[in-house]
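Structure file start.tsv (TSV, C-alpha atoms) follows.
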chain	number	residue	atom	x	y	z
A	1	MET	CA	25.64	1.95	-22.87
A	2	SER	CA	23.04	4.40	-21.60
A	3	SER	CA	23.41	5.47	-17.98
A	4	THR	CA	19.68	6.08	-17.68
A	5	VAL	CA	17.94	4.85	-14.54
A	6	VAL	CA	14.29	3.97	-15.10
A	7	VAL	CA	11.80	4.25	-12.24
A	8	ILE	CA	8.50	2.46	-12.82
A	9	GLY	CA	5.76	3.98	-10.69
A	10	ALA	CA	4.95	7.53	-9.58
A	11	GLY	CA	3.46	7.00	-6.14
A	12	PRO	CA	5.21	7.98	-2.90
A	13	TYR	CA	8.04	5.47	-3.33
A	14	GLY	CA	8.62	6.12	-7.02
A	15	LEU	CA	8.61	9.90	-6.63
A	16	SER	CA	10.81	9.84	-3.52
A	17	THR	CA	13.32	7.49	-5.15
A	18	ALA	CA	13.45	9.55	-8.34
A	19	ALA	CA	14.03	12.75	-6.34
A	20	HIS	CA	16.99	11.19	-4.53
A	21	LEU	CA	18.43	9.70	-7.72
A	22	LYS	CA	18.25	13.08	-9.43
A	23	ALA	CA	19.90	14.78	-6.47
A	24	ARG	CA	22.88	12.46	-7.02
A	25	GLY	CA	23.23	13.67	-10.59
A	26	LEU	CA	21.86	10.55	-12.27
A	27	HIS	CA	19.82	10.66	-15.46
A	28	VAL	CA	16.38	9.41	-14.47
A	29	ARG	CA	13.22	8.66	-16.41
A	30	VAL	CA	10.09	8.07	-14.36
A	31	PHE	CA	7.03	6.39	-15.85
A	32	GLY	CA	3.58	6.57	-14.30
A	33	SER	CA	0.82	8.98	-13.35
A	34	PRO	CA	1.68	10.87	-10.14
A	35	MET	CA	-0.30	9.52	-7.18
A	36	ALA	CA	-2.71	7.74	-9.53
A	37	SER	CA	-3.31	4.72	-7.30
A	38	TRP	CA	-4.12	7.00	-4.36
A	39	ALA	CA	-6.53	9.03	-6.48
A	40	GLU	CA	-8.15	6.12	-8.31
A	41	ASN	CA	-8.03	3.21	-5.86
A	42	MET	CA	-8.88	4.89	-2.57
A	43	PRO	CA	-12.44	5.96	-1.73
A	44	ALA	CA	-13.37	9.62	-1.56
A	45	GLY	CA	-13.55	10.76	2.04
A	46	MET	CA	-10.91	8.30	3.19
A	47	LEU	CA	-8.56	9.41	5.96
A	48	LEU	CA	-5.00	8.11	6.14
A	49	LYS	CA	-4.16	5.76	8.98
A	50	SER	CA	-0.83	7.51	9.52
A	51	PRO	CA	-0.58	10.93	11.25
A	52	PRO	CA	0.63	14.02	9.35
A	53	SER	CA	4.24	13.55	10.52
A	54	ALA	CA	4.32	10.10	8.89
A	55	SER	CA	2.37	11.04	5.75
A	56	MET	CA	5.27	12.57	3.87
A	57	LEU	CA	7.41	11.67	0.91
A	58	SER	CA	11.19	11.63	1.23
A	59	ALA	CA	13.00	14.58	-0.36
A	60	PRO	CA	16.77	15.03	-0.71
A	61	LYS	CA	16.51	18.54	0.76
A	62	PRO	CA	14.28	20.35	3.28
A	63	GLY	CA	11.05	22.10	2.39
A	64	PHE	CA	8.90	19.38	0.85
A	65	THR	CA	6.85	18.11	3.77
A	66	LEU	CA	3.07	17.89	3.98
A	67	ASP	CA	3.18	20.95	6.22
A	68	ALA	CA	5.25	22.90	3.66
A	69	TYR	CA	2.73	22.01	0.97
A	70	ALA	CA	-0.19	23.13	3.14
A	71	ARG	CA	1.46	26.49	3.84
A	72	GLN	CA	2.22	27.12	0.17
A	73	ALA	CA	-1.19	25.96	-1.07
A	74	GLY	CA	-3.13	27.77	1.62
A	75	GLU	CA	-4.64	24.56	2.97
A	76	PRO	CA	-5.30	23.89	6.65
A	77	GLN	CA	-2.14	22.83	8.45
A	78	LEU	CA	-2.50	19.51	10.24
A	79	GLU	CA	-0.91	18.83	13.59
A	80	GLY	CA	-0.36	15.97	15.99
A	81	HIS	CA	-2.78	13.18	15.26
A	82	ASP	CA	-5.10	15.13	12.95
A	83	PRO	CA	-6.37	12.71	10.27
A	84	VAL	CA	-5.02	13.34	6.78
A	85	PRO	CA	-7.71	13.36	4.03
A	86	VAL	CA	-6.67	11.24	1.06
A	87	GLU	CA	-7.58	14.08	-1.30
A	88	MET	CA	-5.09	16.37	0.46
A	89	PHE	CA	-2.42	13.67	0.37
A	90	VAL	CA	-2.90	13.27	-3.38
A	91	ARG	CA	-2.56	17.01	-3.90
A	92	TYR	CA	0.56	17.03	-1.76
A	93	GLY	CA	2.13	14.16	-3.73
A	94	ARG	CA	1.43	15.86	-7.04
A	95	TRP	CA	2.91	19.12	-5.72
A	96	PHE	CA	5.99	17.15	-4.64
A	97	ALA	CA	6.25	15.76	-8.18
A	98	GLU	CA	5.89	19.21	-9.76
A	99	GLN	CA	8.64	20.60	-7.54
A	100	LEU	CA	11.16	17.77	-7.61
A	101	VAL	CA	10.26	15.33	-10.40
A	102	PRO	CA	8.44	17.41	-13.03
A	103	GLU	CA	9.63	15.16	-15.85
A	104	VAL	CA	7.38	12.22	-14.84
A	105	GLU	CA	6.04	10.64	-18.02
A	106	ASP	CA	2.48	9.36	-17.92
A	107	ILE	CA	3.31	6.40	-20.13
A	108	ARG	CA	2.77	2.73	-19.38
A	109	VAL	CA	5.77	0.42	-19.35
A	110	LEU	CA	4.90	-2.66	-21.40
A	111	GLY	CA	8.06	-4.69	-21.00
A	112	VAL	CA	11.40	-4.93	-19.26
A	113	ASP	CA	13.94	-7.41	-20.61
A	114	ARG	CA	17.44	-8.10	-19.38
A	115	GLN	CA	20.33	-7.63	-21.79
A	116	ALA	CA	24.04	-8.22	-21.46
A	117	ASP	CA	24.67	-4.53	-20.84
A	118	GLY	CA	21.56	-3.60	-18.85
A	119	PHE	CA	17.85	-3.55	-19.62
A	120	HIS	CA	15.64	-3.05	-22.65
A	121	ILE	CA	12.42	-1.13	-21.95
A	122	LYS	CA	9.32	-1.05	-24.16
A	123	LEU	CA	6.77	1.73	-23.67
A	124	ALA	CA	3.12	2.00	-24.68
A	125	SER	CA	4.09	5.08	-26.71
A	126	GLY	CA	6.11	2.85	-29.02
A	127	GLU	CA	9.45	4.09	-27.75
A	128	GLU	CA	12.13	1.62	-26.76
A	129	LEU	CA	15.11	2.50	-24.60
A	130	ARG	CA	18.00	1.01	-22.69
A	131	ALA	CA	18.70	1.51	-19.01
A	132	SER	CA	21.59	0.70	-16.73
A	133	ALA	CA	19.22	0.17	-13.79
A	134	VAL	CA	15.48	-0.29	-13.24
A	135	VAL	CA	13.60	0.53	-10.05
A	136	VAL	CA	10.23	-1.18	-9.60
A	137	ALA	CA	8.07	1.12	-7.49
A	138	SER	CA	4.69	-0.02	-8.78
A	139	GLY	CA	3.06	-0.19	-5.36
A	140	MET	CA	0.05	-2.48	-4.90
A	141	ASP	CA	-0.70	-2.86	-8.62
A	142	GLY	CA	-1.72	-6.44	-9.32
A	143	PHE	CA	-1.61	-7.54	-5.67
A	144	ALA	CA	-5.25	-7.08	-4.60
A	145	TYR	CA	-6.34	-10.25	-2.81
A	146	VAL	CA	-9.85	-11.69	-2.96
A	147	PRO	CA	-10.47	-14.93	-0.98
A	148	GLU	CA	-11.10	-18.03	-3.05
A	149	PRO	CA	-14.82	-18.47	-2.26
A	150	LEU	CA	-15.48	-14.95	-3.57
A	151	ALA	CA	-13.11	-14.82	-6.52
A	152	ALA	CA	-15.45	-16.53	-9.02
A	153	LEU	CA	-18.02	-13.75	-8.63
A	154	VAL	CA	-15.62	-10.91	-9.40
A	155	PRO	CA	-16.06	-11.17	-13.20
A	156	GLU	CA	-19.83	-11.06	-12.70
A	157	GLY	CA	-19.61	-7.72	-10.88
A	158	LEU	CA	-21.09	-9.11	-7.67
A	159	VAL	CA	-17.82	-9.03	-5.77
A	160	SER	CA	-15.12	-6.38	-5.94
A	161	HIS	CA	-11.95	-5.51	-4.07
A	162	SER	CA	-11.94	-2.33	-2.00
A	163	SER	CA	-9.21	-0.90	-4.26
A	164	HIS	CA	-11.59	-0.95	-7.23
A	165	HIS	CA	-13.59	2.05	-6.03
A	166	ALA	CA	-12.71	5.73	-5.86
A	167	ASP	CA	-16.27	6.70	-4.93
A	168	LEU	CA	-18.52	4.53	-2.79
A	169	ALA	CA	-21.56	6.72	-3.48
A	170	LYS	CA	-22.44	4.30	-6.30
A	171	PHE	CA	-23.68	1.95	-3.56
A	172	THR	CA	-26.18	4.42	-2.09
A	173	GLY	CA	-29.40	2.56	-1.29
A	174	ARG	CA	-27.85	-0.86	-1.94
A	175	ASP	CA	-27.16	-3.82	0.35
A	176	VAL	CA	-23.42	-4.38	0.74
A	177	VAL	CA	-21.42	-6.82	2.84
A	178	VAL	CA	-17.86	-5.72	3.59
A	179	VAL	CA	-15.43	-8.55	4.29
A	180	GLY	CA	-12.36	-7.85	6.41
A	181	ALA	CA	-11.23	-6.48	9.75
A	182	GLY	CA	-8.49	-3.97	9.01
A	183	GLN	CA	-8.44	-0.25	8.30
A	184	SER	CA	-9.72	-0.61	4.75
A	185	ALA	CA	-12.65	-2.81	5.77
A	186	GLN	CA	-13.62	-0.68	8.73
A	187	GLU	CA	-13.38	2.62	6.87
A	188	SER	CA	-15.17	1.24	3.81
A	189	ALA	CA	-18.03	0.10	6.04
A	190	ALA	CA	-18.19	3.51	7.73
A	191	LEU	CA	-18.13	5.39	4.42
A	192	LEU	CA	-20.75	3.10	2.86
A	193	ASN	CA	-23.06	3.67	5.81
A	194	GLU	CA	-22.51	7.40	5.55
A	195	VAL	CA	-23.47	7.49	1.85
A	196	GLY	CA	-26.70	5.62	2.58
A	197	ALA	CA	-25.86	1.99	1.83
A	198	GLN	CA	-27.28	-0.83	3.95
A	199	VAL	CA	-23.98	-2.27	5.05
A	200	GLN	CA	-22.83	-5.19	7.18
A	201	LEU	CA	-19.27	-6.04	8.20
A	202	LEU	CA	-18.11	-9.66	8.19
A	203	VAL	CA	-15.03	-10.41	10.33
A	204	ARG	CA	-13.07	-13.62	10.91
A	205	GLY	CA	-11.67	-12.53	14.28
A	206	ARG	CA	-13.36	-12.44	17.66
A	207	GLU	CA	-13.88	-8.67	17.61
A	208	LEU	CA	-13.07	-5.48	15.80
A	209	VAL	CA	-9.80	-4.02	17.00
A	210	PHE	CA	-9.18	-0.28	17.18
A	211	GLY	CA	-5.97	1.60	17.82
A	212	ALA	CA	-5.59	3.56	21.03
A	213	ALA	CA	-6.63	7.20	20.92
A	214	PRO	CA	-3.87	9.77	21.51
A	215	THR	CA	-3.12	10.57	25.14
A	216	PRO	CA	-1.35	13.58	26.64
A	217	PRO	CA	2.24	13.24	27.85
A	218	PRO	CA	4.17	11.94	29.62
A	219	HIS	CA	4.61	8.72	27.62
A	220	TRP	CA	6.88	5.85	28.61
A	221	GLN	CA	7.01	4.38	25.10
A	222	PRO	CA	8.65	6.11	22.10
A	223	ASP	CA	6.55	7.57	19.31
A	224	THR	CA	7.19	6.51	15.71
A	225	GLY	CA	5.57	7.10	12.35
A	226	LEU	CA	3.78	3.79	12.80
A	227	GLY	CA	2.61	4.28	16.37
A	228	ARG	CA	3.81	4.47	19.95
A	229	SER	CA	5.61	1.35	21.22
A	230	TRP	CA	9.07	-0.09	21.72
A	231	GLY	CA	8.34	-2.83	19.19
A	232	LEU	CA	7.43	-0.33	16.49
A	233	TYR	CA	10.48	1.74	17.41
A	234	GLY	CA	12.61	-1.28	16.55
A	235	VAL	CA	10.84	-1.81	13.24
A	236	VAL	CA	11.32	1.84	12.25
A	237	GLN	CA	14.79	2.56	13.60
A	238	HIS	CA	16.39	-0.75	12.71
A	239	ALA	CA	14.81	-1.58	9.35
A	240	ALA	CA	18.30	-2.15	7.91
A	241	ALA	CA	18.85	-5.03	10.34
A	242	PHE	CA	15.46	-6.64	9.65
A	243	ARG	CA	16.86	-8.59	6.68
A	244	PHE	CA	19.15	-10.59	8.96
A	245	LEU	CA	16.20	-12.25	10.71
A	246	PRO	CA	15.18	-15.75	9.54
A	247	ALA	CA	12.88	-15.64	6.53
A	248	ALA	CA	9.94	-17.20	8.39
A	249	THR	CA	10.25	-14.60	11.15
A	250	ARG	CA	10.38	-11.75	8.66
A	251	LEU	CA	7.29	-12.94	6.82
A	252	ARG	CA	5.37	-13.42	10.06
A	253	LEU	CA	6.24	-9.93	11.29
A	254	VAL	CA	5.37	-8.30	7.96
A	255	LYS	CA	1.95	-9.92	8.15
A	256	ARG	CA	1.21	-9.38	11.85
A	257	VAL	CA	2.77	-6.06	12.83
A	258	LEU	CA	0.12	-3.33	12.57
A	259	GLY	CA	-2.51	-5.56	11.17
A	260	PRO	CA	-5.49	-5.83	11.06
A	261	PHE	CA	-7.02	-3.01	13.08
A	262	GLY	CA	-8.72	0.33	12.57
A	263	SER	CA	-7.78	3.81	13.65
A	264	TRP	CA	-9.26	5.09	16.91
A	265	TRP	CA	-11.41	7.64	15.09
A	266	LEU	CA	-13.34	4.85	13.31
A	267	LYS	CA	-14.77	3.42	16.52
A	268	PRO	CA	-17.66	5.90	16.96
A	269	ARG	CA	-18.51	5.57	13.27
A	270	LEU	CA	-18.96	1.79	13.55
A	271	GLU	CA	-19.86	0.63	17.06
A	272	GLY	CA	-23.62	0.54	17.41
A	273	VAL	CA	-23.95	1.98	13.92
A	274	VAL	CA	-22.93	-0.79	11.48
A	275	PRO	CA	-23.91	-4.44	12.10
A	276	VAL	CA	-20.73	-6.46	12.68
A	277	HIS	CA	-20.66	-10.27	12.46
A	278	VAL	CA	-17.54	-11.67	14.10
A	279	ARG	CA	-15.94	-15.14	13.99
A	280	GLN	CA	-17.31	-15.70	10.49
A	281	ARG	CA	-15.37	-17.49	7.77
A	282	ILE	CA	-16.88	-17.52	4.27
A	283	THR	CA	-17.13	-21.06	2.93
A	284	GLN	CA	-19.25	-20.44	-0.15
A	285	ALA	CA	-20.53	-17.59	-2.30
A	286	ALA	CA	-23.22	-18.12	-4.92
A	287	ARG	CA	-25.13	-15.88	-7.28
A	288	ASN	CA	-28.72	-15.36	-6.24
A	289	GLY	CA	-30.51	-13.49	-9.01
A	290	ALA	CA	-28.95	-10.02	-9.00
A	291	GLY	CA	-27.30	-10.59	-5.63
A	292	VAL	CA	-25.11	-12.93	-3.63
A	293	THR	CA	-25.77	-15.59	-1.00
A	294	LEU	CA	-22.85	-16.06	1.38
A	295	THR	CA	-22.48	-19.15	3.54
A	296	THR	CA	-20.29	-18.72	6.61
A	297	ARG	CA	-19.04	-20.95	9.41
A	298	ASP	CA	-18.02	-19.82	12.87
A	299	ALA	CA	-15.35	-21.27	15.16
A	300	ASP	CA	-17.89	-23.69	16.66
A	301	GLY	CA	-18.85	-25.07	13.27
A	302	ARG	CA	-22.22	-23.36	13.05
A	303	THR	CA	-23.25	-22.13	9.61
A	304	ARG	CA	-25.35	-19.17	8.56
A	305	THR	CA	-26.32	-17.48	5.31
A	306	VAL	CA	-26.17	-13.82	4.43
A	307	GLU	CA	-28.01	-12.27	1.48
A	308	THR	CA	-26.64	-9.13	-0.12
A	309	GLY	CA	-26.52	-7.22	-3.35
A	310	HIS	CA	-22.74	-6.84	-3.43
A	311	VAL	CA	-19.67	-8.04	-1.55
A	312	LEU	CA	-16.78	-5.65	-1.02
A	313	ALA	CA	-13.62	-7.60	-0.24
A	314	ALA	CA	-11.42	-5.34	1.88
A	315	THR	CA	-9.06	-8.25	2.28
A	316	GLY	CA	-5.71	-6.63	1.63
A	317	TYR	CA	-2.91	-7.41	-0.76
A	318	ARG	CA	-0.54	-10.30	-1.41
A	319	VAL	CA	2.75	-9.59	-3.12
A	320	ARG	CA	3.32	-11.93	-6.07
A	321	LEU	CA	6.22	-11.28	-8.43
A	322	ASP	CA	4.40	-13.13	-11.18
A	323	ALA	CA	1.78	-10.35	-11.11
A	324	VAL	CA	4.45	-7.79	-12.05
A	325	ASP	CA	3.74	-8.59	-15.68
A	326	PHE	CA	5.80	-5.83	-17.27
A	327	LEU	CA	8.89	-7.78	-16.22
A	328	ALA	CA	9.68	-10.41	-18.85
A	329	SER	CA	8.88	-13.94	-17.71
A	330	GLU	CA	12.53	-14.93	-18.19
A	331	LEU	CA	13.58	-12.03	-15.96
A	332	ARG	CA	11.06	-12.97	-13.28
A	333	ALA	CA	12.31	-16.55	-13.38
A	334	GLU	CA	15.80	-15.33	-12.44
A	335	LEU	CA	14.64	-13.58	-9.29
A	336	VAL	CA	15.41	-15.24	-5.97
A	337	ARG	CA	12.30	-14.98	-3.80
A	338	THR	CA	11.16	-15.02	-0.20
A	339	ALA	CA	7.65	-16.40	-0.57
A	340	GLY	CA	6.17	-14.02	-3.19
A	341	PHE	CA	8.62	-11.20	-2.46
A	342	PRO	CA	11.95	-10.52	-4.19
A	343	HIS	CA	15.03	-11.22	-2.12
A	344	LEU	CA	16.94	-7.94	-1.81
A	345	ASP	CA	20.39	-6.87	-0.67
A	346	ALA	CA	21.23	-3.94	1.62
A	347	GLY	CA	20.68	-1.46	-1.23
A	348	LEU	CA	17.28	-2.90	-2.31
A	349	GLN	CA	18.83	-4.64	-5.32
A	350	SER	CA	17.40	-7.99	-6.33
A	351	SER	CA	19.32	-11.08	-7.35
A	352	VAL	CA	19.30	-9.64	-10.89
A	353	PRO	CA	22.05	-6.98	-10.92
A	354	GLY	CA	20.64	-3.53	-11.65
A	355	LEU	CA	17.02	-4.44	-10.85
A	356	TYR	CA	15.72	-2.82	-7.65
A	357	PHE	CA	12.43	-3.05	-5.77
A	358	THR	CA	10.98	-0.62	-3.25
A	359	GLY	CA	7.78	-0.10	-1.28
A	360	ILE	CA	5.58	-3.05	-0.37
A	361	GLN	CA	7.70	-5.37	-2.52
A	362	ALA	CA	10.68	-4.71	-0.23
A	363	ALA	CA	8.75	-5.43	2.97
A	364	ALA	CA	9.88	-9.05	3.32
A	365	THR	CA	13.50	-7.81	3.40
A	366	PHE	CA	13.22	-4.61	5.46
A	367	GLY	CA	10.00	-5.10	7.40
A	368	PRO	CA	6.52	-3.62	7.76
A	369	LEU	CA	7.91	-0.07	7.64
A	370	LEU	CA	8.01	-0.51	3.84
A	371	ARG	CA	4.23	-0.96	3.77
A	372	PHE	CA	3.76	2.69	4.75
A	373	THR	CA	4.56	6.06	3.19
A	374	CYS	CA	6.97	6.95	6.01
A	375	GLY	CA	9.16	4.07	4.80
A	376	THR	CA	10.24	6.31	1.90
A	377	ARG	CA	12.60	8.09	4.32
A	378	PHE	CA	14.49	4.83	4.79
A	379	ALA	CA	14.25	3.33	1.32
A	380	ALA	CA	14.68	6.25	-1.10
A	381	PRO	CA	18.09	7.57	0.03
A	382	ARG	CA	19.42	4.04	0.57
A	383	LEU	CA	18.39	2.85	-2.89
A	384	ALA	CA	19.69	6.00	-4.59
A	385	ALA	CA	23.05	5.65	-2.84
A	386	ALA	CA	23.31	2.03	-3.97
A	387	VAL	CA	22.56	2.88	-7.61
A	388	ALA	CA	24.98	5.81	-7.59
A	389	ALA	CA	27.73	3.66	-6.10
A	390	LYS	CA	27.52	1.30	-9.08
A	391	GLY	CA	28.09	4.20	-11.47
For this file, write the structure as C-alpha cells.
Amino acid sequence: MSSTVVVIGAGPYGLSTAAHLKARGLHVRVFGSPMASWAENMPAGMLLKSPPSASMLSAPKPGFTLDAYARQAGEPQLEGHDPVPVEMFVRYGRWFAEQLVPEVEDIRVLGVDRQADGFHIKLASGEELRASAVVVASGMDGFAYVPEPLAALVPEGLVSHSSHHADLAKFTGRDVVVVGAGQSAQESAALLNEVGAQVQLLVRGRELVFGAAPTPPPHWQPDTGLGRSWGLYGVVQHAAAFRFLPAATRLRLVKRVLGPFGSWWLKPRLEGVVPVHVRQRITQAARNGAGVTLTTRDADGRTRTVETGHVLAATGYRVRLDAVDFLASELRAELVRTAGFPHLDAGLQSSVPGLYFTGIQAAATFGPLLRFTCGTRFAAPRLAAAVAAKG
C-alpha cells in the first residue's frame, strides 16, 4: 500500500497543509495551481480584508511570513493595518510554494474513490495512483451562491457571481447593479465605480456596515487576526473547542460572525459616491433586451423596479459537499454532514477514515476562523499531526 498523502488544492490551506505534512517526513503529492483562485477569481485592485499580520500562510519553520517575502522580493513592507493588495498576496503565496512546496503539480484531479486499503485517484493527465490519505483543500470552488431569482439569468450572461471576474474593467461605461452587503459587494461596487461603470448597490439590510477604523492604544479588548474583540479572541484562541457546541449554534456563528460588513477603508469610496438602495429584496429578475429588469420589495411591502445592463451577485458562498464533484458519489454518500459541511473530528478527518477537509469546508466544525487565511495556523499543523499519527 502506498503511503502517499494527496492534497487537492494549492491555495493557502493546501500549501500550508502540504508544508506541514512534508516537515513530518510524509510523502506528499499536491495537485492544483498555486494561488489560482486568488489570481483568477478576485478582482484586480482588491485589498484583503485581513491585516498583514493575519494574511500569512502557516509554515512549519520561521521565515515564511508576508513580511519575509516582502524583504526578499524588495516589495514595500506592510505594517499594522496597512491594506494588503491581492496581487501582492498572490505573489507571496507563490513564493511560499516555491520555497516549501515546489513539487506542486498543476494537474486536475478527476476522481477520488475509496478502496479497501485507501483511495484511488484519477488525474486529468491520465495517471492513476493510490493514496493512504486525501486532504481536500479546494477552497471555494463550486460554492459560489447566486440567489434563486437571479440564477436563471446566469447562463445568459446577464448575471454573474463576483468570483467570476479577475478584472472589472470589462464593465467600464456599463450599467451594473451589485447585489450584497459584505466586503465583496462593497469593494466590487467601489472598484466598478473607479473603472468608470455606472454602478448601484442593492442591499437587504437597513444600512451598509463598516468595520471600525484602527485607533491608537490603549485598547481594552484583545487584538486577533480577525479583529479586536473578546468574542473574536474566543473564536481564534479556542477553535479546537468550537466543535463541542451544538450544531445549530455552530452554524449560526459561522454565518454571523464577521459578516456581512466592509472594511473601514471602503467607507469613503462608497458613501456619497455610489448609490446604495437598502432594505431591498429581489423578488424577480427578467431579461429586458440586452439588459435586466429587477423587481424588489422592501420591508414594508413596497415594490420597485431597477433597470441595468448586468447584475453582479456578490452574495457569498454556500458549502455543499455534493459540489465537490471529484469525490465519487458513493464516497460523498458516506460522509456524515452538518448541513452542507462534512462532520470532522479533532484532526479534521471526516467520517470516512483517511479523508480530511480543511479551509472553509471545516468551518462548521472549528468555526469562522477557518473562513480566513489566518486559520491555516490552526488547521495545517493539527491536520498534519493527525495524518502522521495514523502512520
Best match for closeness to A:Ser160 among A:Pro147, A:Ala44, A:Arg204, A:Asp325, counting all atoms listed in the file = A:Pro147
Extract, using only C-alpha atoms, all DNA, RNA and protein residues at most 8 Å from stretch 126-139 of chain A, discarding same-chain residues fewer than 6 positions from it, and format them as a list in words.
-> Met1, Ser2, Ser3, Thr4, Val5, Val6, Val7, Ile8, Gly9, Ala10, Gly11, Tyr13, Gly14, Asp117, Gly118, Phe119, His120, Gly354, Leu355, Tyr356, Phe357, Thr358, Gly359, Ile360, Gln361 and Val387 of chain A
Do a neighbour search on stretch 211-219 of chain A at 12 Å with all atoms listed in the file, toss out local chain neighbours closer than 6 positions, and write the hits as a PyMOL selection string.
-> chain A and resi 49-51+80-83+182-183+226-230+258-268
Please, which residues are within 12 Å of (-10.0, -6.6, -4.8) by the file's coordinates, counting all atoms listed in the file, and could they come as a PDB file with C-alpha atoms, keeping the file's coordinate frame?
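Ended up saving to out_24.pdb:
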ATOM      1  CA  ASN A  41      -8.030   3.210  -5.860  1.00  0.00           C
ATOM      2  CA  MET A  42      -8.880   4.890  -2.570  1.00  0.00           C
ATOM      3  CA  MET A 140       0.050  -2.480  -4.900  1.00  0.00           C
ATOM      4  CA  ASP A 141      -0.700  -2.860  -8.620  1.00  0.00           C
ATOM      5  CA  GLY A 142      -1.720  -6.440  -9.320  1.00  0.00           C
ATOM      6  CA  PHE A 143      -1.610  -7.540  -5.670  1.00  0.00           C
ATOM      7  CA  ALA A 144      -5.250  -7.080  -4.600  1.00  0.00           C
ATOM      8  CA  TYR A 145      -6.340 -10.250  -2.810  1.00  0.00           C
ATOM      9  CA  VAL A 146      -9.850 -11.690  -2.960  1.00  0.00           C
ATOM     10  CA  PRO A 147     -10.470 -14.930  -0.980  1.00  0.00           C
ATOM     11  CA  GLU A 148     -11.100 -18.030  -3.050  1.00  0.00           C
ATOM     12  CA  LEU A 150     -15.480 -14.950  -3.570  1.00  0.00           C
ATOM     13  CA  ALA A 151     -13.110 -14.820  -6.520  1.00  0.00           C
ATOM     14  CA  LEU A 153     -18.020 -13.750  -8.630  1.00  0.00           C
ATOM     15  CA  VAL A 154     -15.620 -10.910  -9.400  1.00  0.00           C
ATOM     16  CA  PRO A 155     -16.060 -11.170 -13.200  1.00  0.00           C
ATOM     17  CA  GLY A 157     -19.610  -7.720 -10.880  1.00  0.00           C
ATOM     18  CA  LEU A 158     -21.090  -9.110  -7.670  1.00  0.00           C
ATOM     19  CA  VAL A 159     -17.820  -9.030  -5.770  1.00  0.00           C
ATOM     20  CA  SER A 160     -15.120  -6.380  -5.940  1.00  0.00           C
ATOM     21  CA  HIS A 161     -11.950  -5.510  -4.070  1.00  0.00           C
ATOM     22  CA  SER A 162     -11.940  -2.330  -2.000  1.00  0.00           C
ATOM     23  CA  SER A 163      -9.210  -0.900  -4.260  1.00  0.00           C
ATOM     24  CA  HIS A 164     -11.590  -0.950  -7.230  1.00  0.00           C
ATOM     25  CA  HIS A 165     -13.590   2.050  -6.030  1.00  0.00           C
ATOM     26  CA  VAL A 178     -17.860  -5.720   3.590  1.00  0.00           C
ATOM     27  CA  VAL A 179     -15.430  -8.550   4.290  1.00  0.00           C
ATOM     28  CA  GLY A 180     -12.360  -7.850   6.410  1.00  0.00           C
ATOM     29  CA  SER A 184      -9.720  -0.610   4.750  1.00  0.00           C
ATOM     30  CA  ALA A 185     -12.650  -2.810   5.770  1.00  0.00           C
ATOM     31  CA  VAL A 311     -19.670  -8.040  -1.550  1.00  0.00           C
ATOM     32  CA  LEU A 312     -16.780  -5.650  -1.020  1.00  0.00           C
ATOM     33  CA  ALA A 313     -13.620  -7.600  -0.240  1.00  0.00           C
ATOM     34  CA  ALA A 314     -11.420  -5.340   1.880  1.00  0.00           C
ATOM     35  CA  THR A 315      -9.060  -8.250   2.280  1.00  0.00           C
ATOM     36  CA  GLY A 316      -5.710  -6.630   1.630  1.00  0.00           C
ATOM     37  CA  TYR A 317      -2.910  -7.410  -0.760  1.00  0.00           C
ATOM     38  CA  ARG A 318      -0.540 -10.300  -1.410  1.00  0.00           C
TER      39      ARG A 318
END
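When atom CA of A:Pro222 is paired with atom CA of A:His238, their separation reads 14.0 Å.
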Skip A:Lys22 itself and residues of its chain fewer than 2 positions away, then list as a list in words all residues within 10 Å of it, counting only C-alpha atoms.
-> Val5, Thr17, Ala18, Ala19, His20, Arg24, Gly25, Leu26, His27, Val28, Arg29, Pro60, Leu100, Val101 and Ala384 of chain A
Go through A:Leu369, A:Leu168, A:Ile282, A:Val306 one by one, measure the shortest atom-to-atom distance of each to A:Leu253 using all atoms listed in the file, and give the residue with the smallest value.
->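 Nearest to A:Leu253: A:Leu369.
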Find the spatial neighbours of A:Ile107, counting all atoms listed in the file, within a cut-off of 6 Å - ignore same-chain residues fewer than 2 positions away - and output them as number ranges by chain.
-> A: 31-32, 105
Counting all atoms listed in the file, the option among A:Leu192, A:Leu331, A:Ala124, A:Ala388 closest to A:Gly45 =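 Answer, going by the shortest atom-to-atom distance: A:Leu192.
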Please tell me which residues are no farther than 8 Å from (-20.2, 5.3, 0.3) in the file, counting all atoms listed in the file, and write them as a ChimeraX atom specification.
-> /A:167-172,188,190-197
Would you kindly return, as an MDAnalysis selection string, each protein, DNA or RNA residue with an atom no farther than 7 Å from any atom of stretch 373-379 of chain A, considering all atoms listed in the file and excluding same-chain residues fewer than 4 positions away?
-> chainID A and resid 12:13 16 54:58 225 358 369 383
Closest of A:Val86, A:Ala152, A:Leu21, A:Val257 to A:Gln284, counting all atoms listed in the file, is A:Ala152
Selected residue, from A:Ser350, A:Gln198, A:Gln221, A:Gln72, that lies nearest to A:Glu307 when counting all atoms listed in the file =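 The shortest atom-to-atom distance to A:Glu307 comes from A:Gln198.
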How many Å separate atom CA of A:Ala364 from atom CA of A:Leu327?
->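 Between atom CA of A:Ala364 and atom CA of A:Leu327 the gap is 19.6 Å.
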Length of the atom CA of A:Ala36 to atom CA of A:Met88 vector [Å] |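 That distance, rounded to one decimal, is 13.4 Å.
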